[in-house]
$ cat upload.tsv   # TSV, C-alpha atoms
chain	number	residue	atom	x	y	z
A	57	MET	CA	-41.05	-19.61	-68.32
A	58	THR	CA	-43.92	-19.66	-65.82
A	59	LEU	CA	-44.38	-18.13	-62.39
A	60	PRO	CA	-46.85	-18.99	-59.62
A	61	THR	CA	-50.17	-17.25	-60.20
A	62	ARG	CA	-52.74	-15.42	-58.12
A	63	GLN	CA	-56.30	-14.42	-58.88
A	64	ILE	CA	-57.33	-10.77	-59.25
A	65	GLY	CA	-61.02	-10.92	-60.07
A	66	PRO	CA	-61.39	-12.76	-63.39
A	67	PHE	CA	-57.66	-12.52	-64.10
A	68	SER	CA	-55.10	-15.18	-63.28
A	69	VAL	CA	-51.85	-13.23	-63.11
A	70	SER	CA	-48.27	-13.92	-62.10
A	71	ALA	CA	-47.84	-13.64	-58.33
A	72	ILE	CA	-45.49	-10.71	-58.97
A	73	GLY	CA	-46.37	-8.19	-61.67
A	74	LEU	CA	-44.47	-5.26	-63.14
A	75	GLY	CA	-45.12	-1.63	-62.34
A	76	CYS	CA	-44.05	0.17	-65.50
A	77	MET	CA	-43.86	3.73	-64.12
A	78	ASN	CA	-40.06	3.66	-63.64
A	79	LEU	CA	-39.54	3.38	-67.39
A	80	ASN	CA	-40.77	6.94	-67.97
A	81	HIS	CA	-41.54	8.68	-64.71
A	82	ALA	CA	-40.65	9.77	-61.18
A	83	TYR	CA	-37.12	8.52	-60.45
A	84	GLY	CA	-34.79	10.78	-62.41
A	85	THR	CA	-33.57	10.02	-65.93
A	86	PRO	CA	-35.44	6.96	-67.24
A	87	PRO	CA	-33.95	4.31	-69.49
A	88	GLY	CA	-34.17	4.89	-73.22
A	89	GLU	CA	-37.06	3.55	-75.27
A	90	GLU	CA	-35.10	0.58	-76.65
A	91	GLU	CA	-33.92	-0.40	-73.17
A	92	GLY	CA	-37.43	-0.03	-71.80
A	93	ALA	CA	-38.77	-2.24	-74.57
A	94	ARG	CA	-36.15	-4.89	-73.82
A	95	LEU	CA	-37.10	-4.86	-70.16
A	96	LEU	CA	-40.81	-5.22	-70.89
A	97	ASN	CA	-40.21	-8.15	-73.21
A	98	ARG	CA	-37.83	-9.74	-70.71
A	99	ALA	CA	-40.56	-9.48	-68.08
A	100	LEU	CA	-42.92	-11.43	-70.33
A	101	ASP	CA	-40.21	-13.97	-71.08
A	102	LEU	CA	-39.74	-14.49	-67.32
A	103	GLY	CA	-43.43	-15.30	-66.93
A	104	CYS	CA	-44.68	-11.94	-65.66
A	105	THR	CA	-48.26	-11.67	-66.90
A	106	PHE	CA	-49.41	-8.44	-65.22
A	107	LEU	CA	-48.27	-5.05	-66.55
A	108	ASP	CA	-49.36	-1.83	-64.85
A	109	THR	CA	-49.23	1.64	-66.41
A	110	ALA	CA	-51.17	4.92	-66.20
A	111	ALA	CA	-52.09	7.95	-68.28
A	112	LEU	CA	-49.97	10.15	-66.00
A	113	TYR	CA	-46.69	8.23	-66.32
A	114	GLY	CA	-44.38	10.23	-68.53
A	115	MET	CA	-47.38	12.34	-69.61
A	116	GLY	CA	-48.62	9.43	-71.73
A	117	ALA	CA	-45.18	8.18	-72.76
A	118	ASN	CA	-45.43	5.04	-70.66
A	119	GLU	CA	-48.61	3.90	-72.37
A	120	ARG	CA	-47.04	4.67	-75.76
A	121	LEU	CA	-43.98	2.61	-74.80
A	122	LEU	CA	-46.14	-0.40	-73.98
A	123	GLY	CA	-48.02	0.10	-77.22
A	124	LYS	CA	-44.81	-0.06	-79.23
A	125	ALA	CA	-42.96	-2.66	-77.18
A	126	VAL	CA	-45.35	-5.45	-76.21
A	127	MET	CA	-48.76	-5.13	-77.84
A	128	HIS	CA	-47.68	-7.73	-80.37
A	129	ARG	CA	-47.74	-10.07	-77.32
A	130	ARG	CA	-51.11	-8.80	-76.05
A	131	ALA	CA	-52.47	-12.29	-75.36
A	132	GLU	CA	-49.64	-13.02	-72.90
A	133	PHE	CA	-50.51	-10.50	-70.19
A	134	THR	CA	-53.21	-8.69	-68.26
A	135	LEU	CA	-53.02	-4.95	-68.96
A	136	ALA	CA	-53.82	-2.41	-66.25
A	137	SER	CA	-53.90	1.36	-66.57
A	138	LYS	CA	-55.39	4.35	-64.75
A	139	CYS	CA	-57.33	7.57	-65.22
A	140	VAL	CA	-58.36	10.66	-63.17
A	141	LEU	CA	-54.70	11.68	-62.81
A	142	ASP	CA	-53.73	12.83	-66.28
A	143	ALA	CA	-51.66	15.40	-68.14
A	144	VAL	CA	-53.39	18.29	-69.90
A	145	ASP	CA	-51.21	20.70	-71.89
A	146	GLY	CA	-48.17	19.26	-70.11
A	147	GLN	CA	-49.61	19.83	-66.63
A	148	ARG	CA	-50.66	17.21	-64.08
A	149	VAL	CA	-54.40	17.35	-63.39
A	150	LEU	CA	-56.77	15.52	-61.04
A	151	ASP	CA	-60.18	15.21	-62.70
A	152	GLY	CA	-62.72	12.52	-61.86
A	153	ARG	CA	-65.61	13.88	-63.91
A	154	PRO	CA	-67.20	11.24	-66.14
A	155	GLU	CA	-66.49	13.16	-69.34
A	156	SER	CA	-62.82	13.51	-68.39
A	157	ILE	CA	-62.53	9.80	-67.56
A	158	ALA	CA	-64.01	8.93	-70.97
A	159	ARG	CA	-61.58	11.28	-72.71
A	160	THR	CA	-58.56	9.89	-70.84
A	161	LEU	CA	-59.58	6.32	-71.64
A	162	ASP	CA	-60.01	6.96	-75.35
A	163	ALA	CA	-56.58	8.62	-75.50
A	164	ALA	CA	-55.05	5.72	-73.57
A	165	LEU	CA	-56.46	3.17	-75.99
A	166	LEU	CA	-54.87	5.05	-78.87
A	167	ARG	CA	-51.50	5.30	-77.12
A	168	LEU	CA	-51.56	1.64	-76.17
A	169	GLY	CA	-52.69	0.49	-79.59
A	170	THR	CA	-55.42	-1.78	-78.23
A	171	ASP	CA	-59.21	-1.85	-78.22
A	172	HIS	CA	-59.55	-2.59	-74.51
A	173	ILE	CA	-57.77	-2.37	-71.16
A	174	ASP	CA	-58.25	-5.32	-68.83
A	175	LEU	CA	-58.19	-3.49	-65.49
A	176	TYR	CA	-58.79	0.25	-65.36
A	177	TYR	CA	-58.29	2.17	-62.11
A	178	LEU	CA	-59.38	5.50	-60.77
A	179	HIS	CA	-55.84	6.62	-59.96
A	180	ARG	CA	-56.85	8.95	-57.12
A	181	LEU	CA	-60.04	10.20	-55.49
A	182	ASP	CA	-61.28	13.50	-56.89
A	183	ARG	CA	-63.01	14.92	-53.82
A	184	LYS	CA	-64.97	17.34	-56.00
A	185	VAL	CA	-66.79	14.48	-57.74
A	186	PRO	CA	-68.87	11.83	-55.93
A	187	ILE	CA	-67.14	8.47	-56.23
A	188	GLU	CA	-70.41	7.04	-57.53
A	189	GLU	CA	-70.23	9.30	-60.60
A	190	SER	CA	-66.62	8.36	-61.38
A	191	VAL	CA	-67.36	4.64	-60.97
A	192	GLY	CA	-70.42	5.05	-63.16
A	193	ALA	CA	-68.17	6.30	-65.96
A	194	LEU	CA	-66.04	3.16	-65.67
A	195	ALA	CA	-69.13	0.96	-65.62
A	196	ARG	CA	-70.29	2.52	-68.89
A	197	ALA	CA	-66.84	1.99	-70.39
A	198	LYS	CA	-67.07	-1.67	-69.41
A	199	GLU	CA	-70.48	-1.95	-71.04
A	200	ALA	CA	-68.96	-0.48	-74.21
A	201	GLY	CA	-66.19	-3.12	-74.17
A	202	LYS	CA	-63.37	-0.62	-73.61
A	203	ILE	CA	-62.39	-2.08	-70.24
A	204	ARG	CA	-62.98	-5.46	-68.63
A	205	ALA	CA	-62.81	-4.67	-64.92
A	206	LEU	CA	-62.78	-1.71	-62.52
A	207	GLY	CA	-60.18	-0.72	-59.95
A	208	LEU	CA	-59.40	1.99	-57.39
A	209	SER	CA	-56.04	3.33	-56.24
A	210	GLU	CA	-55.03	4.87	-52.89
A	211	MET	CA	-58.57	4.98	-51.54
A	212	SER	CA	-60.10	4.19	-48.17
A	213	ALA	CA	-62.24	1.24	-47.10
A	214	ASP	CA	-65.28	3.52	-46.94
A	215	THR	CA	-64.71	4.78	-50.49
A	216	LEU	CA	-64.20	1.20	-51.67
A	217	ARG	CA	-67.53	0.13	-50.18
A	218	ARG	CA	-69.34	3.08	-51.78
A	219	ALA	CA	-67.75	2.32	-55.14
A	220	HIS	CA	-68.46	-1.39	-54.88
A	221	ALA	CA	-72.14	-0.65	-54.28
A	222	VAL	CA	-72.32	1.00	-57.72
A	223	HIS	CA	-70.37	-1.68	-59.60
A	224	PRO	CA	-68.18	-4.57	-58.37
A	225	ILE	CA	-64.59	-3.42	-57.91
A	226	THR	CA	-62.00	-5.96	-59.00
A	227	ALA	CA	-58.86	-4.51	-57.41
A	228	MET	CA	-57.59	-1.90	-54.99
A	229	GLN	CA	-54.06	-0.65	-55.66
A	230	THR	CA	-52.23	1.00	-52.78
A	231	GLU	CA	-48.66	1.38	-51.57
A	232	TYR	CA	-47.78	-1.54	-49.29
A	233	SER	CA	-44.44	-2.78	-48.02
A	234	PRO	CA	-42.81	-3.55	-44.68
A	235	TRP	CA	-42.45	0.19	-44.08
A	236	VAL	CA	-45.85	1.36	-45.41
A	237	ARG	CA	-48.59	-0.35	-43.43
A	238	ASN	CA	-51.59	1.90	-43.97
A	239	PRO	CA	-53.64	-0.76	-45.81
A	240	GLU	CA	-53.64	-2.81	-42.60
A	241	VAL	CA	-55.85	-0.19	-40.89
A	242	ALA	CA	-58.95	-1.09	-42.89
A	243	VAL	CA	-58.46	-1.56	-46.64
A	244	LEU	CA	-57.07	-5.10	-46.57
A	245	ASP	CA	-59.99	-6.25	-44.44
A	246	ALA	CA	-62.47	-4.52	-46.75
A	247	CYS	CA	-60.88	-6.18	-49.79
A	248	ARG	CA	-61.19	-9.59	-48.14
A	249	ASP	CA	-64.81	-8.92	-47.14
A	250	LEU	CA	-65.79	-7.87	-50.67
A	251	GLY	CA	-63.67	-10.35	-52.62
A	252	VAL	CA	-61.51	-7.56	-54.05
A	253	GLY	CA	-57.93	-8.21	-55.11
A	254	PHE	CA	-55.17	-6.06	-53.65
A	255	VAL	CA	-52.32	-4.78	-55.83
A	256	ALA	CA	-49.32	-3.51	-53.84
A	257	PHE	CA	-47.33	-0.77	-55.51
A	258	SER	CA	-43.86	0.23	-54.28
A	259	PRO	CA	-43.49	-3.13	-52.48
A	260	VAL	CA	-39.74	-2.54	-52.05
A	261	ALA	CA	-40.37	0.95	-50.64
A	262	ARG	CA	-39.37	2.92	-53.74
A	263	GLY	CA	-36.01	1.17	-53.68
A	264	PHE	CA	-35.35	1.83	-50.00
A	265	LEU	CA	-35.67	-1.88	-49.19
A	266	ALA	CA	-33.73	-2.89	-52.29
A	267	GLY	CA	-30.41	-1.31	-51.38
A	268	ALA	CA	-30.97	1.60	-53.78
A	269	ILE	CA	-30.74	4.43	-51.26
A	270	ASN	CA	-27.52	5.24	-49.41
A	271	GLY	CA	-27.88	8.98	-48.99
A	272	PRO	CA	-29.72	12.06	-50.28
A	273	ASN	CA	-27.93	12.04	-53.64
A	274	TYR	CA	-31.02	11.88	-55.86
A	275	ALA	CA	-30.97	12.60	-59.58
A	276	LYS	CA	-32.74	15.67	-60.94
A	277	GLY	CA	-36.45	14.97	-61.18
A	278	ASP	CA	-36.41	12.13	-58.63
A	279	VAL	CA	-39.66	12.42	-56.67
A	280	ARG	CA	-38.03	10.86	-53.61
A	281	ALA	CA	-36.12	14.11	-53.06
A	282	THR	CA	-39.45	15.66	-51.99
A	283	MET	CA	-40.65	12.78	-49.78
A	284	PRO	CA	-40.15	13.19	-46.03
A	285	ARG	CA	-38.92	9.63	-45.42
A	286	PHE	CA	-36.18	9.99	-48.03
A	287	VAL	CA	-34.63	13.24	-46.82
A	288	GLU	CA	-33.12	14.47	-43.59
A	289	PRO	CA	-33.80	14.48	-40.73
A	290	ALA	CA	-35.68	11.19	-41.28
A	291	LEU	CA	-33.32	9.67	-43.84
A	292	SER	CA	-30.43	8.78	-41.51
A	293	TYR	CA	-32.78	7.19	-39.01
A	294	ASN	CA	-34.51	5.14	-41.70
A	295	LEU	CA	-31.21	4.04	-43.26
A	296	ALA	CA	-30.32	2.44	-39.92
A	297	LEU	CA	-33.54	0.39	-40.18
A	298	ALA	CA	-32.63	-0.54	-43.75
A	299	ARG	CA	-29.21	-1.81	-42.68
A	300	ARG	CA	-30.90	-4.10	-40.14
A	301	PHE	CA	-33.22	-5.29	-42.89
A	302	ASP	CA	-30.28	-5.89	-45.26
A	303	ALA	CA	-28.58	-8.04	-42.62
A	304	LEU	CA	-31.75	-10.06	-42.11
A	305	ALA	CA	-32.00	-10.69	-45.87
A	306	ALA	CA	-28.38	-11.80	-46.00
A	307	SER	CA	-28.96	-14.26	-43.17
A	308	ALA	CA	-31.99	-15.61	-45.05
A	309	GLY	CA	-29.94	-16.14	-48.22
A	310	CYS	CA	-31.82	-13.64	-50.38
A	311	THR	CA	-31.57	-10.02	-51.45
A	312	PRO	CA	-33.37	-7.24	-49.55
A	313	ALA	CA	-35.77	-6.75	-52.46
A	314	GLN	CA	-36.66	-10.44	-52.47
A	315	LEU	CA	-37.28	-10.42	-48.72
A	316	SER	CA	-39.53	-7.37	-49.04
A	317	LEU	CA	-41.50	-9.01	-51.86
A	318	GLY	CA	-41.73	-12.28	-49.93
A	319	TRP	CA	-43.11	-10.40	-46.95
A	320	VAL	CA	-45.78	-8.69	-49.09
A	321	LEU	CA	-46.76	-11.99	-50.70
A	322	SER	CA	-47.14	-13.56	-47.26
A	323	ARG	CA	-49.77	-11.02	-46.18
A	324	GLY	CA	-52.61	-12.61	-48.14
A	325	ALA	CA	-53.41	-14.82	-51.11
A	326	ASN	CA	-55.30	-11.96	-52.77
A	327	ILE	CA	-52.23	-9.68	-52.80
A	328	VAL	CA	-50.08	-9.14	-55.92
A	329	PRO	CA	-47.04	-6.84	-55.62
A	330	ILE	CA	-45.95	-4.89	-58.69
A	331	PRO	CA	-42.36	-3.74	-58.20
A	332	GLY	CA	-40.97	-1.42	-60.84
A	333	THR	CA	-37.45	-1.13	-62.19
A	334	GLY	CA	-35.54	0.17	-65.16
A	335	ASN	CA	-32.83	-2.49	-64.75
A	336	ILE	CA	-33.16	-5.98	-66.23
A	337	ALA	CA	-30.96	-7.58	-63.55
A	338	HIS	CA	-33.21	-6.12	-60.86
A	339	LEU	CA	-36.25	-7.32	-62.79
A	340	GLU	CA	-34.89	-10.87	-62.80
A	341	GLU	CA	-34.13	-10.61	-59.08
A	342	ASN	CA	-37.67	-9.42	-58.34
A	343	MET	CA	-39.40	-12.10	-60.39
A	344	ALA	CA	-37.32	-14.83	-58.74
A	345	ALA	CA	-38.92	-13.90	-55.40
A	346	ALA	CA	-42.23	-15.37	-56.62
A	347	THR	CA	-40.70	-18.86	-56.47
A	348	MET	CA	-38.91	-18.48	-53.13
A	349	THR	CA	-39.98	-19.75	-49.71
A	350	PHE	CA	-39.47	-17.59	-46.63
A	351	ASP	CA	-39.24	-18.84	-43.05
A	352	PRO	CA	-42.13	-17.48	-40.92
A	353	ALA	CA	-39.58	-16.54	-38.25
A	354	THR	CA	-37.73	-14.37	-40.76
A	355	LEU	CA	-40.97	-12.66	-41.78
A	356	ALA	CA	-41.71	-12.04	-38.10
A	357	ASP	CA	-38.29	-10.44	-37.79
A	358	VAL	CA	-39.23	-8.10	-40.64
A	359	ASP	CA	-42.27	-7.04	-38.63
A	360	ALA	CA	-40.10	-6.45	-35.59
A	361	ILE	CA	-37.81	-4.09	-37.52
A	362	PHE	CA	-40.71	-2.06	-38.90
A	363	ALA	CA	-43.01	-2.14	-35.90
A	364	SER	CA	-45.64	0.59	-35.65
A	365	GLY	CA	-43.98	3.97	-35.33
A	366	ALA	CA	-40.52	2.69	-36.23
A	367	VAL	CA	-40.25	4.55	-39.54
A	368	SER	CA	-39.52	8.27	-39.41
A	369	GLY	CA	-41.32	10.72	-41.67
A	370	ASN	CA	-44.56	10.81	-43.63
A	371	ARG	CA	-45.13	8.98	-46.90
A	372	TYR	CA	-45.82	12.11	-48.96
A	373	PRO	CA	-45.25	15.86	-48.81
A	374	PRO	CA	-48.44	17.83	-48.04
A	375	ALA	CA	-49.49	18.54	-51.64
A	376	MET	CA	-49.31	14.86	-52.62
A	377	GLN	CA	-50.85	13.69	-49.35
A	378	ALA	CA	-53.89	15.87	-50.08
A	379	GLN	CA	-54.75	13.54	-52.97
A	380	ILE	CA	-54.52	10.39	-50.85
A	381	ASP	CA	-57.70	8.88	-49.41
A	382	THR	CA	-56.09	5.87	-47.68
A	383	GLU	CA	-56.47	5.72	-43.89
A	384	LEU	CA	-53.73	7.02	-41.63
A	385	LEU	CA	-52.04	4.85	-39.03
A	386	PRO	CA	-53.01	5.49	-35.40
A	387	ASP	CA	-49.71	7.23	-34.67
A	388	GLU	CA	-49.41	9.02	-38.02
A	389	VAL	CA	-49.57	12.81	-37.97
A	390	ILE	CA	-50.08	14.78	-41.19

$ encode --input "upload.tsv" --output "structure tokens"
Amino acid sequence: MTLPTRQIGPFSVSAIGLGCMNLNHAYGTPPGEEEGARLLNRALDLGCTFLDTAALYGMGANERLLGKAVMHRRAEFTLASKCVLDAVDGQRVLDGRPESIARTLDAALLRLGTDHIDLYYLHRLDRKVPIEESVGALARAKEAGKIRALGLSEMSADTLRRAHAVHPITAMQTEYSPWVRNPEVAVLDACRDLGVGFVAFSPVARGFLAGAINGPNYAKGDVRATMPRFVEPALSYNLALARRFDALAASAGCTPAQLSLGWVLSRGANIVPIPGTGNIAHLEENMAAATMTFDPATLADVDAIFASGAVSGNRYPPAMQAQIDTELLPDEVI
């Protein structure tokens, strides 16, 4: 099966990729290894050719899962992973020093069972290390053949321009959906100016725009239980927005997740959303959105629901926000 494609630097990838984090990380109890492997292979069968993982996800378990599950199909997909955020002795660390990046990369290659990663991101900005030094480490890894292209994640337009001056950046990955609009402040314009692809993570708002959230009944270990938008007092207000969005999707003849993905795809030809899921039926629903057509009037109605200031609550709690370099919206208070 084939899906429409988009270009991210030298890579022609399916217009919708797969964020693999959910299979080992962040949203409560993940699926088992066999179920995760089935989902990954089903994604490839559906024509998804862009798989995104990271050293941090599951403390390395996500990269190991990909290594076991799909590396026998390595030629069928573009592989992306990330460094700087890592796990050391079971603890999350943020370390952008060149020697740490090199160590994380070598460990990732072993876990993945491959000799190179196609697109390798700096997962977050380490403010203690000049971005030029961290990018230099990736450039040397590219020269050594360990990676093919460089990326950044959750960084500002200014940081992107500084990084790009050291070595061309292929992709910026940042959260983007109808209810997270921070990239529209400056990063999307910078990507267009520099010819950088944009990879949208959480394009269905961590499940909020996919009908997954009906109240604050999160499983143990679900990161959303710590996020201001997903808990009271903001939650009830935001659920009212979601119900309006659900009704709009129903009138358009699609699911809420498909409408959210269609909206993200409509924002630019250089944008590739990477929704994640641990459920094969949801995976099939998401991938189908790549072949759907959405009425411009419906997309405008999405904008009307999530107009500036409409969503209640910040994206992240303070400790997580401190690691985010992306610009704030004009009316956003941290």

$ residues_around --input "upload.tsv" --residues "Cys76 of chain A" --least-positions-apart "6" --cutoff "10 Å" --atoms "all atoms listed in the file" --output "PyMOL selection string"
chain A and resi 92+95-96+107-110+113+118-119+121-122+137+330-334

$ residues_around --input "upload.tsv" --residues "Val287 of chain A" --least-positions-apart "3" --cutoff "10 Å" --atoms "only C-alpha atoms" --output "list in words"
Gly271, Pro272, Asn273, Tyr274, Arg280, Ala281, Thr282, Met283, Pro284, Ala290, Leu291, Ser292, Asn294 and Gly369 of chain A

$ axis_aligned_box --input "upload.tsv" --around "segment 354-371 of chain A" --padding-each-side "5 Å" --output "AutoDock Vina command-line options"
--center_x -41.7 --center_y -1.8 --center_z -41.1 --size_x 17.9 --size_y 35.2 --size_z 21.6

$ closest_residue --input "upload.tsv" --among "A:Leu181, A:Ala353, A:Met127, A:Ala205" --to "Leu166 of chain A" --atoms "only C-alpha atoms"
A:Met127

$ residues_near_point --input "upload.tsv" --point "(-34.5, -15.2, -52.1)" --cutoff "12 Å" --atoms "only C-alpha atoms" --output "count of residues only"
29
